[in-house]
Amino acid sequence: MPHARKPLGAALGAALVAPLIAAAPAAAADPGAGEFTVIALEFTVEAGDRTCTVEADLYRPAGVDRDHPAPAVLTTNGFGGSKADGSTDASAKAFAERGYVALAYSGLGFGKTGCPISLDAPDIDGQAASQLVDFLAGTRAADDGAEIDYVTKDGKSDPRVGMIGGSYGGAIQLATAARDHRVDALVPMITWNDLAYALDPNNAAQHSGVSSDTPGAYKKQWTGGFFLMGEAQGLLNPSLDPSRLGGAGCLHFVAGACETKRLLDSGRYPADRTREMLDYARSASPVSYLDRVQAPTLVVQGQADTLFNLNEAEATYRTLKEQGTPVGMIWQSWGHSGGLKDPASGELNLEEGNLETSYTGRRILGWFEKYLRGDEDADTGPGFAYYRDWQPADSAYATADDVPARNRSLYLSGDGKLVEDRSKVARGAREYRNRLLPSSHSESSLAGLIGLSDPEPYDAKGTHLDWTSEPLTEDTDVVGAPEATLQVVSPKTERVQNSGDAADKLVLFAKLYDVAPDGRKTLVHRLVAPARVPDVTKPFTVKLPGIVHRYAKGHRLQLVAAASDDAYYGNKGIKPVTVTSKPSDTGVLRLPVVK
């Protein structure tokens, strides 16, 4: 009979941070669903310079045997979770019910799997996952001697296998596929492109995708929460094997991760250590190995996500598309910052397994039908799809061949207005300055994961500048990442910005509000764009996080440049900033607007 399971994990772990794909019990299978059996297994694997034991569950559909093989789906947990988490277990169950062999395992450093946490590094986590692919191929046994011979094969040691999972369980797919081309299809959800950007984002001076060689503003709340959860693994799993001990002062992380966290906590960016930090973070990021990913990839990212925003998904999507890897992208509603535990009506809910009745679920099924079952007529959908929260559930998704281009410009006027015609820009100069403590609030980063209330965003007077449009004469739908080009004057920054410590450079936070006719302001999904300005003597462009939002008729757009944000580390010292405007030389806000 179908198998139901309760999740592992102590209450302490849930209190720190919920696993990054929700960790609730998996529901039992519907009475009419396909039957399967579940067998618990262990595998001793090589992972970089260590040997560790991986715990896993094998889901075998009824009727699947050597003479009637089926393709396989490999899945693992989000950060802080295990093979028994709601979504990991439920995903395996959902695909087993649909006739796929499924193997769910606890990632390195989580559950009862050994080795320290190594951030999905391809030469560690990817290497370990590749050995599980060997098991699906029938070329290696589990530690108890168990072998299988009922997975569809493309060659003697080449099983037909896809991967699915979210967040930490998303990046591992790309890391595995980069080193093991036997993997046939990927569905990475709400995951990162460049950890250097995700944990220390700089939305200015990005040389490709989301990457910048100038460090950004340390995302201290998200990073601190995850680090605490990783270090608490000994309390969550008190009988850990010695292979889980880390290095460089960390209990359960590899030395490189620990040293990166220590540098970010210091608030300093000396050139040599910063280069090492950027290199390490990127070595554990898809940005460094996407050129080796050949497996067809359906990228799914959440709009409500201040941890891994839509820009990261777009960077991955564009790289894969440009190199000819079959790829599609969906911007769904939920992410780490909202809807993860309670998706909007009609949206994919991994724990419920509503694949056939949700848009994203049907796209995933079509992806696997084509690339795992070999159905060339299966519908894999358009290149790009995005959820619109202003539409009914049955018509919430719109589609396009690609992400819309920025096609509308508004100019920053010296009187604080956003105007559509450069000739209407008023001459003027306005100043703001930061305080020793943060004076702006966008979010409490962990609130969306652990169900806490969060104060509305605010900016203290004198610590920010804003530019506001006239009321809109029609509904205006923005789909994609707006850009703002600015030039500032900051003599105090100019004197120290070449000190050799990038922390001396100016930091600001750009964001785009929706202002209702009654004056109520909404910061869409609480998204902000931290920017560490490479050179305050030159114009610079800030790429804001991607959004899908309708600015309704009668509402106004408001661009804000703030001196600080309490979810991030900000400026070192007090740095007054002046922004000047004149018709021939002023800032510009560019928006991707769709009809």
# chains A, B, ... in the order shown; residues from 1 in each chain; ligands from 1
$ select_by_dssp --residues "segment 270-478 of chain A" --states "strand (DSSP E or B)" --output "NGL selection string"
:A and (270 or 297-302 or 327-332 or 335 or 338-339 or 384-387 or 397-400 or 408-412 or 417-419 or 428-432 or 440-441 or 458-459 or 464-468 or 476-478)
$ write_last_selection --atoms "C-alpha atoms" --output "CSV table (one decimal), in the first residue's frame"
chain,number,residue,atom,x,y,z
A,270,PRO,CA,40.1,43.8,2.3
A,297,THR,CA,16.0,22.5,-17.2
A,298,LEU,CA,12.7,24.0,-16.1
A,299,VAL,CA,13.6,26.9,-13.8
A,300,VAL,CA,10.9,27.8,-11.3
A,301,GLN,CA,11.3,30.8,-9.1
A,302,GLY,CA,9.1,32.6,-6.6
A,327,VAL,CA,15.2,25.6,-20.8
A,328,GLY,CA,11.9,27.1,-19.7
A,329,MET,CA,11.2,29.5,-16.8
A,330,ILE,CA,8.2,30.0,-14.5
A,331,TRP,CA,7.8,32.9,-12.1
A,332,GLN,CA,5.3,31.4,-9.6
A,335,GLY,CA,9.0,31.8,-2.4
A,338,GLY,CA,5.6,34.3,1.3
A,339,GLY,CA,3.1,31.6,0.4
A,384,PHE,CA,8.5,32.1,-20.0
A,385,ALA,CA,5.4,32.1,-17.8
A,386,TYR,CA,4.5,34.4,-14.9
A,387,TYR,CA,1.8,34.5,-12.2
A,397,TYR,CA,-0.6,32.9,-15.6
A,398,ALA,CA,0.5,34.8,-18.7
A,399,THR,CA,3.1,33.5,-21.1
A,400,ALA,CA,5.7,35.0,-23.4
A,408,ARG,CA,9.4,52.9,-20.5
A,409,SER,CA,11.6,55.6,-19.0
A,410,LEU,CA,10.8,58.0,-16.2
A,411,TYR,CA,13.2,60.8,-15.3
A,412,LEU,CA,14.3,61.9,-11.8
A,417,LYS,CA,9.0,64.0,-9.2
A,418,LEU,CA,9.2,61.2,-11.7
A,419,VAL,CA,8.4,62.7,-15.1
A,428,GLY,CA,17.5,71.0,-8.1
A,429,ALA,CA,19.8,69.3,-5.5
A,430,ARG,CA,18.7,67.3,-2.5
A,431,GLU,CA,20.7,65.6,0.3
A,432,TYR,CA,20.3,62.6,2.6
A,440,SER,CA,14.9,52.1,7.0
A,441,HIS,CA,13.0,48.8,7.3
A,458,TYR,CA,9.4,52.6,6.4
A,459,ASP,CA,12.1,55.2,5.7
A,464,HIS,CA,16.4,58.8,2.0
A,465,LEU,CA,15.3,60.5,-1.2
A,466,ASP,CA,12.2,59.7,-3.2
A,467,TRP,CA,10.8,60.5,-6.6
A,468,THR,CA,7.1,60.1,-7.2
A,476,THR,CA,0.4,49.6,-15.7
A,477,ASP,CA,1.8,46.0,-15.5
A,478,VAL,CA,5.5,45.7,-14.8
$ atom_distance --atom1 "atom CA of Ala102 of chain A" --atom2 "atom CA of Ala178 of chain A"
20.9 Å
$ residues_around --residues "segment 540-543 of chain A" --least-positions-apart "4" --cutoff "8 Å" --atoms "only C-alpha atoms" --output "JSON, numbers by chain"
{"A": [203, 204, 205, 481, 482, 483, 484, 485, 486, 487, 510, 529, 531, 533]}
$ write_last_selection --atoms "C-alpha atoms" --output "compact mmCIF listing (two decimals), in the first residue's frame"
# COMPACT_ATOMS: atom_id res chain seq x y z
CA ASN A 203 22.86 45.40 -7.60
CA ALA A 204 25.31 47.89 -9.11
CA ALA A 205 28.22 47.11 -11.43
CA ALA A 481 13.57 43.93 -13.26
CA PRO A 482 13.42 47.75 -13.35
CA GLU A 483 16.69 49.68 -13.60
CA ALA A 484 17.68 53.03 -12.15
CA THR A 485 20.68 55.02 -13.41
CA LEU A 486 21.93 57.51 -10.83
CA GLN A 487 24.79 59.85 -10.13
CA ALA A 510 16.96 51.36 -4.11
CA ALA A 529 18.21 46.51 -4.28
CA ALA A 531 24.09 48.76 -4.13
CA VAL A 533 28.75 52.05 -5.60
$ residues_around --residues "segment 185-202 of chain A" --least-positions-apart "6" --cutoff "8 Å" --atoms "only C-alpha atoms" --output "PyMOL selection string"
chain A and resi 161-171+173-174+210-212+214-220+222-223+264+277-278+281-282+284-287+295-302+307-308+312-313+315-316+335-336+364+367-368+371-372+529-532
$ closest_residue --among "A:Asn349, A:Ser82, A:Thr537, A:Thr473" --to "Val489 of chain A" --atoms "only C-alpha atoms"
A:Thr537
$ closest_residue --among "A:Leu108, A:Val133, A:Leu119, A:Val73" --to "Cys258 of chain A" --atoms "only C-alpha atoms"
A:Leu119
$ closest_residue --among "A:Lys341, A:Lys83, A:His252, A:Arg182" --to "Gln131 of chain A" --atoms "only C-alpha atoms"
A:Arg182
$ closest_residue --among "A:Ala56, A:Glu314, A:Trp334, A:Leu74" --to "Gly383 of chain A" --atoms "only C-alpha atoms"
A:Glu314
$ residues_around --residues "Ala502 of chain A" --least-positions-apart "2" --cutoff "12 Å" --atoms "only C-alpha atoms" --output "PyMOL selection string"
chain A and resi 202+213-217+267-275+493+496-500+504-507+532-535+570-572
$ write_last_selection --atoms "C-alpha atoms" --output "short mmCIF file (atom, residue, chain, number, x, y, z; two decimals), in the first residue's frame"
data_model
loop_
_atom_site.label_atom_id
_atom_site.label_comp_id
_atom_site.auth_asym_id
_atom_site.auth_seq_id
_atom_site.Cartn_x
_atom_site.Cartn_y
_atom_site.Cartn_z
CA ASN A 202 25.43 44.27 -5.07
CA ASP A 213 33.28 42.01 -8.45
CA THR A 214 32.49 44.75 -5.91
CA PRO A 215 31.06 43.18 -2.72
CA GLY A 216 27.59 44.32 -1.79
CA ALA A 217 25.58 44.71 1.40
CA GLY A 267 32.00 44.33 8.09
CA ARG A 268 35.32 44.71 6.23
CA TYR A 269 36.31 43.80 2.68
CA PRO A 270 40.11 43.79 2.31
CA ALA A 271 40.96 43.01 -1.30
CA ASP A 272 42.70 39.65 -0.84
CA ARG A 273 40.13 38.11 1.52
CA THR A 274 37.25 39.51 -0.50
CA ARG A 275 38.54 37.88 -3.68
CA THR A 493 33.07 58.74 0.27
CA VAL A 496 38.18 57.01 1.14
CA GLN A 497 36.68 54.81 -1.60
CA ASN A 498 40.13 53.73 -2.87
CA SER A 499 41.43 52.78 0.58
CA GLY A 500 41.84 49.10 -0.31
CA ASP A 504 34.64 52.30 2.57
CA LYS A 505 32.59 52.60 -0.63
CA LEU A 506 29.09 54.11 -0.54
CA VAL A 507 26.10 51.83 0.06
CA ARG A 532 27.72 49.35 -3.17
CA VAL A 533 28.75 52.05 -5.60
CA PRO A 534 32.09 51.21 -7.26
CA ASP A 535 32.96 54.88 -7.91
CA GLY A 570 25.24 49.19 5.40
CA ASN A 571 27.63 52.12 5.30
CA LYS A 572 30.83 52.32 7.29
#
$ atom_distance --atom1 "atom CA of Asp518 of chain A" --atom2 "atom CA of Val560 of chain A"
18.8 Å
$ closest_residue --among "A:Val425, A:Leu320, A:Ile148, A:Ala255" --to "Tyr280 of chain A" --atoms "only C-alpha atoms"
A:Ala255
$ select_by_dssp --residues "segment 411-460 of chain A" --states "helix (DSSP H, G or I)" --output "ChimeraX atom specification"
/A:422-424,447-450
$ write_last_selection --atoms "all heavy atoms" --output "PDB file, in the first residue's frame"
ATOM      1  N   ARG A 422      11.952  64.302 -20.432  1.00  0.00           N
ATOM      2  CA  ARG A 422      13.170  64.878 -19.865  1.00  0.00           C
ATOM      3  C   ARG A 422      13.076  66.403 -19.765  1.00  0.00           C
ATOM      4  O   ARG A 422      13.634  67.012 -18.841  1.00  0.00           O
ATOM      5  CB  ARG A 422      14.377  64.471 -20.724  1.00  0.00           C
ATOM      6  CG  ARG A 422      15.713  64.959 -20.184  1.00  0.00           C
ATOM      7  CD  ARG A 422      16.856  64.597 -21.107  1.00  0.00           C
ATOM      8  NE  ARG A 422      17.145  63.170 -21.113  1.00  0.00           N
ATOM      9  CZ  ARG A 422      17.966  62.582 -20.266  1.00  0.00           C
ATOM     10  NH1 ARG A 422      18.565  63.297 -19.321  1.00  0.00           N
ATOM     11  NH2 ARG A 422      18.215  61.294 -20.352  1.00  0.00           N
ATOM     12  N   SER A 423      12.372  67.016 -20.694  1.00  0.00           N
ATOM     13  CA  SER A 423      12.277  68.480 -20.674  1.00  0.00           C
ATOM     14  C   SER A 423      11.531  68.998 -19.444  1.00  0.00           C
ATOM     15  O   SER A 423      11.628  70.189 -19.109  1.00  0.00           O
ATOM     16  CB  SER A 423      11.585  68.977 -21.948  1.00  0.00           C
ATOM     17  OG  SER A 423      10.237  68.549 -21.978  1.00  0.00           O
ATOM     18  N   LYS A 424      10.792  68.125 -18.764  1.00  0.00           N
ATOM     19  CA  LYS A 424      10.039  68.542 -17.584  1.00  0.00           C
ATOM     20  C   LYS A 424      10.850  68.381 -16.296  1.00  0.00           C
ATOM     21  O   LYS A 424      10.336  68.638 -15.203  1.00  0.00           O
ATOM     22  CB  LYS A 424       8.743  67.738 -17.477  1.00  0.00           C
ATOM     23  CG  LYS A 424       7.770  68.006 -18.623  1.00  0.00           C
ATOM     24  CD  LYS A 424       6.492  67.199 -18.453  1.00  0.00           C
ATOM     25  CE  LYS A 424       5.506  67.475 -19.596  1.00  0.00           C
ATOM     26  NZ  LYS A 424       4.268  66.674 -19.451  1.00  0.00           N
ATOM     27  N   ALA A 447      10.695  36.217   9.008  1.00  0.00           N
ATOM     28  CA  ALA A 447       9.301  36.259   9.435  1.00  0.00           C
ATOM     29  C   ALA A 447       8.410  35.393   8.558  1.00  0.00           C
ATOM     30  O   ALA A 447       7.513  34.695   9.050  1.00  0.00           O
ATOM     31  CB  ALA A 447       8.797  37.703   9.440  1.00  0.00           C
ATOM     32  N   GLY A 448       8.632  35.425   7.242  1.00  0.00           N
ATOM     33  CA  GLY A 448       7.780  34.665   6.344  1.00  0.00           C
ATOM     34  C   GLY A 448       7.916  33.170   6.503  1.00  0.00           C
ATOM     35  O   GLY A 448       6.985  32.415   6.206  1.00  0.00           O
ATOM     36  N   LEU A 449       9.076  32.714   6.990  1.00  0.00           N
ATOM     37  CA  LEU A 449       9.301  31.278   7.157  1.00  0.00           C
ATOM     38  C   LEU A 449       8.718  30.752   8.455  1.00  0.00           C
ATOM     39  O   LEU A 449       8.224  29.625   8.516  1.00  0.00           O
ATOM     40  CB  LEU A 449      10.797  30.966   7.128  1.00  0.00           C
ATOM     41  CG  LEU A 449      11.470  30.958   5.762  1.00  0.00           C
ATOM     42  CD1 LEU A 449      12.948  30.671   5.931  1.00  0.00           C
ATOM     43  CD2 LEU A 449      10.839  29.929   4.845  1.00  0.00           C
ATOM     44  N   ILE A 450       8.776  31.549   9.528  1.00  0.00           N
ATOM     45  CA  ILE A 450       8.357  31.028  10.830  1.00  0.00           C
ATOM     46  C   ILE A 450       7.056  31.652  11.307  1.00  0.00           C
ATOM     47  O   ILE A 450       6.661  31.470  12.448  1.00  0.00           O
ATOM     48  CB  ILE A 450       9.474  31.217  11.874  1.00  0.00           C
ATOM     49  CG1 ILE A 450       9.870  32.691  12.009  1.00  0.00           C
ATOM     50  CG2 ILE A 450      10.683  30.394  11.507  1.00  0.00           C
ATOM     51  CD1 ILE A 450      10.990  32.924  13.017  1.00  0.00           C
TER      52      ILE A 450
END
$ atom_distance --atom1 "atom CA of Ser413 of chain A" --atom2 "atom CA of Val588 of chain A"
9.4 Å
$ decode --residues "segment 476-497 of chain A" --atoms "N, CA and C atoms" --output "PDB file, in the first residue's frame"
ATOM      1  N   THR A 476      -0.944  49.734 -15.151  1.00  0.00           N
ATOM      2  CA  THR A 476       0.407  49.571 -15.698  1.00  0.00           C
ATOM      3  C   THR A 476       1.022  48.314 -15.105  1.00  0.00           C
ATOM      4  N   ASP A 477       1.248  47.326 -15.953  1.00  0.00           N
ATOM      5  CA  ASP A 477       1.766  46.037 -15.517  1.00  0.00           C
ATOM      6  C   ASP A 477       3.271  45.977 -15.757  1.00  0.00           C
ATOM      7  N   VAL A 478       4.033  45.824 -14.676  1.00  0.00           N
ATOM      8  CA  VAL A 478       5.483  45.725 -14.750  1.00  0.00           C
ATOM      9  C   VAL A 478       5.869  44.253 -14.562  1.00  0.00           C
ATOM     10  N   VAL A 479       6.601  43.719 -15.528  1.00  0.00           N
ATOM     11  CA  VAL A 479       7.008  42.318 -15.490  1.00  0.00           C
ATOM     12  C   VAL A 479       8.506  42.258 -15.786  1.00  0.00           C
ATOM     13  N   GLY A 480       9.308  42.058 -14.752  1.00  0.00           N
ATOM     14  CA  GLY A 480      10.750  42.017 -14.930  1.00  0.00           C
ATOM     15  C   GLY A 480      11.443  42.924 -13.937  1.00  0.00           C
ATOM     16  N   ALA A 481      12.723  43.175 -14.181  1.00  0.00           N
ATOM     17  CA  ALA A 481      13.571  43.930 -13.257  1.00  0.00           C
ATOM     18  C   ALA A 481      13.735  45.371 -13.728  1.00  0.00           C
ATOM     19  N   PRO A 482      13.168  46.352 -13.020  1.00  0.00           N
ATOM     20  CA  PRO A 482      13.425  47.751 -13.350  1.00  0.00           C
ATOM     21  C   PRO A 482      14.898  48.106 -13.132  1.00  0.00           C
ATOM     22  N   GLU A 483      15.335  49.165 -13.777  1.00  0.00           N
ATOM     23  CA  GLU A 483      16.693  49.676 -13.598  1.00  0.00           C
ATOM     24  C   GLU A 483      16.648  51.160 -13.305  1.00  0.00           C
ATOM     25  N   ALA A 484      17.535  51.609 -12.435  1.00  0.00           N
ATOM     26  CA  ALA A 484      17.677  53.035 -12.149  1.00  0.00           C
ATOM     27  C   ALA A 484      19.128  53.437 -12.358  1.00  0.00           C
ATOM     28  N   THR A 485      19.342  54.450 -13.210  1.00  0.00           N
ATOM     29  CA  THR A 485      20.681  55.015 -13.408  1.00  0.00           C
ATOM     30  C   THR A 485      20.765  56.299 -12.600  1.00  0.00           C
ATOM     31  N   LEU A 486      21.789  56.386 -11.757  1.00  0.00           N
ATOM     32  CA  LEU A 486      21.929  57.508 -10.832  1.00  0.00           C
ATOM     33  C   LEU A 486      23.340  58.061 -10.896  1.00  0.00           C
ATOM     34  N   GLN A 487      23.479  59.312 -10.458  1.00  0.00           N
ATOM     35  CA  GLN A 487      24.794  59.846 -10.134  1.00  0.00           C
ATOM     36  C   GLN A 487      24.654  60.654  -8.866  1.00  0.00           C
ATOM     37  N   VAL A 488      25.579  60.424  -7.943  1.00  0.00           N
ATOM     38  CA  VAL A 488      25.500  61.085  -6.651  1.00  0.00           C
ATOM     39  C   VAL A 488      26.773  61.874  -6.403  1.00  0.00           C
ATOM     40  N   VAL A 489      26.698  62.747  -5.429  1.00  0.00           N
ATOM     41  CA  VAL A 489      27.870  63.499  -4.966  1.00  0.00           C
ATOM     42  C   VAL A 489      28.065  63.160  -3.489  1.00  0.00           C
ATOM     43  N   SER A 490      29.239  62.618  -3.164  1.00  0.00           N
ATOM     44  CA  SER A 490      29.514  62.233  -1.781  1.00  0.00           C
ATOM     45  C   SER A 490      31.002  62.430  -1.507  1.00  0.00           C
ATOM     46  N   PRO A 491      31.417  63.675  -1.235  1.00  0.00           N
ATOM     47  CA  PRO A 491      32.842  63.971  -1.050  1.00  0.00           C
ATOM     48  C   PRO A 491      33.506  63.107   0.022  1.00  0.00           C
ATOM     49  N   LYS A 492      32.817  62.822   1.113  1.00  0.00           N
ATOM     50  CA  LYS A 492      33.428  62.024   2.171  1.00  0.00           C
ATOM     51  C   LYS A 492      33.738  60.615   1.671  1.00  0.00           C
ATOM     52  N   THR A 493      32.814  60.060   0.855  1.00  0.00           N
ATOM     53  CA  THR A 493      33.071  58.739   0.270  1.00  0.00           C
ATOM     54  C   THR A 493      34.221  58.806  -0.717  1.00  0.00           C
ATOM     55  N   GLU A 494      34.240  59.846  -1.532  1.00  0.00           N
ATOM     56  CA  GLU A 494      35.251  59.974  -2.585  1.00  0.00           C
ATOM     57  C   GLU A 494      36.662  59.952  -1.997  1.00  0.00           C
ATOM     58  N   ARG A 495      36.811  60.508  -0.805  1.00  0.00           N
ATOM     59  CA  ARG A 495      38.142  60.588  -0.206  1.00  0.00           C
ATOM     60  C   ARG A 495      38.655  59.230   0.255  1.00  0.00           C
ATOM     61  N   VAL A 496      37.737  58.279   0.543  1.00  0.00           N
ATOM     62  CA  VAL A 496      38.182  57.007   1.137  1.00  0.00           C
ATOM     63  C   VAL A 496      37.865  55.788   0.266  1.00  0.00           C
ATOM     64  N   GLN A 497      37.183  55.972  -0.864  1.00  0.00           N
ATOM     65  CA  GLN A 497      36.682  54.811  -1.601  1.00  0.00           C
ATOM     66  C   GLN A 497      37.796  53.967  -2.228  1.00  0.00           C
TER      67      GLN A 497
END
